[in-house]
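Below: the structure, in structure tokens.
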Amino acid sequence: MAEDCLFCKIIDGEVPSDKVYEDDDILVFKDIDPQAPVHLVIIPKQHYDSILAVPAGDPIMGKIQTVISRLAIKMGVAEDGFRVVNNCGPAGGQTVPHLHFHFLAGRDMKWPPG
């Protein structure tokens with residue numbers, strides 16, 4: 001865990017969150033500033049600064065993909081569709097330096113995203 005990381009503090013329970021899913025490796029919670037009717041944040045419990053810090057062969061990416069699929073079914077959006085976003089680095093829009101994915105659904109997603 002990174003000492004000053006907001007998401008690590010959420011994992012540790014120091015900062016409250018509205019949890020949707022949790023297992024030994026992954027936590028999913030509702031975004032505090034939702035950009036869609038369904039807006040969840042998916043994070044690994046192990047701290048990685050970004051997707052670039054995940055070692056080759058680390059199983060966490062496959063676990064995250066599995067959770068995304070289950071969330072789509074659980075939230076009832078698998079048929080209509082959803083968007084998964086990973087922002088990497090400041091120019092990519094990453095504001096919390098902990099690997100995370102945004103799961104957005106419940107409205108039409110436009111392209112380009114903005």
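Here's how to read the names in the structure tokens: chain A, B, ... by the order shown, residue numbers from 1 in each chain, ligand numbers from 1 in the order shown.
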### Task
DSSP on the backbone, then: every residue of stretch 17-82 of chain A marked strand (DSSP E), written as a ChimeraX atom specification.
/A:19-22,26-30,38-44,82
### Message
Using DSSP assignments from the backbone, pull out every residue in stretch 6-104 of chain A that falls under alpha helix (DSSP H) and give it to me as a PyMOL selection string.
### Response
chain A and resi 6-12+60-74
How would the residues just picked look written out with N, CA, C and O atoms as a CSV table (one decimal), in the first residue's frame?
chain,number,residue,atom,x,y,z
A,6,LEU,N,-5.0,7.8,-2.0
A,6,LEU,CA,-6.4,7.8,-1.7
A,6,LEU,C,-7.1,6.4,-1.8
A,6,LEU,O,-7.8,6.0,-0.9
A,7,PHE,N,-6.8,5.7,-2.9
A,7,PHE,CA,-7.4,4.4,-3.1
A,7,PHE,C,-6.9,3.4,-2.1
A,7,PHE,O,-7.6,2.5,-1.7
A,8,CYS,N,-5.6,3.5,-1.7
A,8,CYS,CA,-5.1,2.6,-0.7
A,8,CYS,C,-5.8,2.9,0.6
A,8,CYS,O,-6.1,1.9,1.4
A,9,LYS,N,-6.1,4.1,0.9
A,9,LYS,CA,-6.9,4.5,2.1
A,9,LYS,C,-8.3,4.0,2.1
A,9,LYS,O,-8.8,3.5,3.1
A,10,ILE,N,-8.9,3.9,0.9
A,10,ILE,CA,-10.2,3.4,0.7
A,10,ILE,C,-10.2,1.9,1.0
A,10,ILE,O,-11.0,1.3,1.7
A,11,ILE,N,-9.2,1.2,0.4
A,11,ILE,CA,-9.0,-0.2,0.6
A,11,ILE,C,-8.8,-0.6,2.1
A,11,ILE,O,-9.4,-1.5,2.6
A,12,ASP,N,-8.0,0.3,2.8
A,12,ASP,CA,-7.8,0.0,4.3
A,12,ASP,C,-9.0,0.5,5.1
A,12,ASP,O,-9.0,0.2,6.3
A,60,ILE,N,-3.5,-10.0,-12.3
A,60,ILE,CA,-4.5,-9.0,-11.9
A,60,ILE,C,-5.3,-8.5,-13.0
A,60,ILE,O,-6.6,-8.2,-12.9
A,61,MET,N,-4.8,-8.3,-14.2
A,61,MET,CA,-5.5,-7.8,-15.3
A,61,MET,C,-6.6,-8.8,-15.8
A,61,MET,O,-7.8,-8.3,-16.0
A,62,GLY,N,-6.4,-10.0,-15.8
A,62,GLY,CA,-7.4,-11.0,-16.1
A,62,GLY,C,-8.5,-11.1,-15.0
A,62,GLY,O,-9.7,-11.2,-15.3
A,63,LYS,N,-8.1,-10.9,-13.8
A,63,LYS,CA,-9.1,-10.9,-12.7
A,63,LYS,C,-10.0,-9.6,-12.8
A,63,LYS,O,-11.2,-9.7,-12.6
A,64,ILE,N,-9.4,-8.5,-13.2
A,64,ILE,CA,-10.2,-7.3,-13.3
A,64,ILE,C,-11.2,-7.5,-14.5
A,64,ILE,O,-12.3,-7.1,-14.4
A,65,GLN,N,-10.7,-8.1,-15.6
A,65,GLN,CA,-11.6,-8.3,-16.7
A,65,GLN,C,-12.8,-9.2,-16.3
A,65,GLN,O,-13.9,-9.0,-16.7
A,66,THR,N,-12.5,-10.2,-15.5
A,66,THR,CA,-13.6,-11.1,-15.1
A,66,THR,C,-14.6,-10.4,-14.2
A,66,THR,O,-15.8,-10.5,-14.4
A,67,VAL,N,-14.1,-9.5,-13.3
A,67,VAL,CA,-15.0,-8.7,-12.5
A,67,VAL,C,-15.8,-7.8,-13.3
A,67,VAL,O,-17.0,-7.6,-13.1
A,68,ILE,N,-15.2,-7.2,-14.4
A,68,ILE,CA,-16.0,-6.3,-15.3
A,68,ILE,C,-17.1,-7.0,-15.9
A,68,ILE,O,-18.2,-6.5,-15.9
A,69,SER,N,-16.9,-8.2,-16.4
A,69,SER,CA,-17.9,-9.0,-17.0
A,69,SER,C,-19.0,-9.3,-16.0
A,69,SER,O,-20.2,-9.2,-16.4
A,70,ARG,N,-18.7,-9.7,-14.8
A,70,ARG,CA,-19.7,-10.0,-13.8
A,70,ARG,C,-20.5,-8.8,-13.4
A,70,ARG,O,-21.7,-8.8,-13.2
A,71,LEU,N,-19.8,-7.6,-13.3
A,71,LEU,CA,-20.5,-6.4,-13.0
A,71,LEU,C,-21.5,-6.0,-14.1
A,71,LEU,O,-22.6,-5.6,-13.8
A,72,ALA,N,-21.1,-6.2,-15.3
A,72,ALA,CA,-22.0,-5.9,-16.4
A,72,ALA,C,-23.3,-6.7,-16.3
A,72,ALA,O,-24.4,-6.1,-16.5
A,73,ILE,N,-23.2,-7.9,-16.0
A,73,ILE,CA,-24.4,-8.8,-15.8
A,73,ILE,C,-25.1,-8.4,-14.6
A,73,ILE,O,-26.4,-8.2,-14.6
A,74,LYS,N,-24.4,-8.2,-13.5
A,74,LYS,CA,-25.1,-7.8,-12.2
A,74,LYS,C,-25.8,-6.5,-12.3
A,74,LYS,O,-26.9,-6.4,-11.7
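Between A:Pro16 and the candidates A:Ile32, A:Ala2, A:Leu52, A:Val77, the tightest atom-to-atom separation, counting only C-alpha atoms, involves A:Ile32.
Every protein or nucleic acid residue with an atom no more than 6 Å from stretch 20-28 of chain A, counting only C-alpha atoms and leaving out same-chain residues fewer than 2 positions away, appears here: Val41, Ile42, Ile43, Pro44 and Lys45 of chain A.
With distances restricted to only C-alpha atoms, A:Ser50 is the closest residue to A:Phe101 from A:Met1, A:Gly13, A:Ser50, A:Val38.
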Which residues, written as a compact mmCIF listing (two decimals) with N, CA and C atoms, in the first residue's frame, have at least one atom at most 9 Å from A:Ala105, with only C-alpha atoms counted and residues fewer than 2 positions away on the same chain left out?
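Result saved to result-v6.txt:
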# COMPACT_ATOMS: atom_id res chain seq x y z
N ALA A 36 -22.22 8.98 -15.29
CA ALA A 36 -23.25 8.18 -15.93
C ALA A 36 -24.12 7.61 -14.81
N PRO A 37 -25.33 7.15 -15.14
CA PRO A 37 -26.17 6.56 -14.10
C PRO A 37 -25.49 5.42 -13.33
N VAL A 38 -24.68 4.64 -14.03
CA VAL A 38 -23.83 3.64 -13.38
C VAL A 38 -22.39 4.09 -13.60
N HIS A 39 -21.69 4.41 -12.52
CA HIS A 39 -20.28 4.81 -12.62
C HIS A 39 -19.55 4.20 -11.43
N ALA A 72 -21.13 -6.19 -15.35
CA ALA A 72 -22.04 -5.86 -16.45
C ALA A 72 -23.33 -6.67 -16.33
N MET A 75 -25.24 -5.54 -12.98
CA MET A 75 -25.85 -4.22 -13.08
C MET A 75 -26.91 -4.15 -14.18
N VAL A 77 -26.49 -4.31 -17.50
CA VAL A 77 -26.11 -3.49 -18.66
C VAL A 77 -25.36 -4.28 -19.73
N ASP A 80 -27.23 -3.87 -23.25
CA ASP A 80 -27.25 -2.52 -23.83
C ASP A 80 -25.85 -1.98 -24.08
N GLY A 81 -24.90 -2.35 -23.26
CA GLY A 81 -23.52 -1.91 -23.43
C GLY A 81 -23.05 -1.01 -22.31
N PHE A 82 -21.76 -0.84 -22.25
CA PHE A 82 -21.11 -0.06 -21.20
C PHE A 82 -19.74 0.36 -21.70
N ARG A 83 -19.07 1.19 -20.95
CA ARG A 83 -17.72 1.64 -21.29
C ARG A 83 -16.81 1.40 -20.10
N VAL A 84 -15.59 0.95 -20.38
CA VAL A 84 -14.56 0.81 -19.37
C VAL A 84 -13.40 1.71 -19.79
N PHE A 103 -16.03 2.13 -14.83
CA PHE A 103 -17.08 1.35 -15.48
C PHE A 103 -18.30 2.26 -15.58
N ARG A 107 -26.36 5.14 -20.01
CA ARG A 107 -26.64 6.21 -20.96
C ARG A 107 -25.84 5.94 -22.21
N ASP A 108 -26.20 6.60 -23.31
CA ASP A 108 -25.42 6.44 -24.54
C ASP A 108 -24.06 7.10 -24.36
N MET A 109 -23.03 6.41 -24.73
CA MET A 109 -21.66 6.93 -24.64
C MET A 109 -21.30 7.53 -26.00
### Task
Mind giving me the straight-line distance from atom CA of A:His100 to atom CA of A:Asn87 in Å, one decimal?
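Distance reported for this atom pair: 7.9 Å.
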### Distance query A:Pro97 at most 8 Å, only C-alpha atoms, self and fewer than 5 positions along chain excluded, as a PyMOL selection string
chain A and resi 5+48-50+89
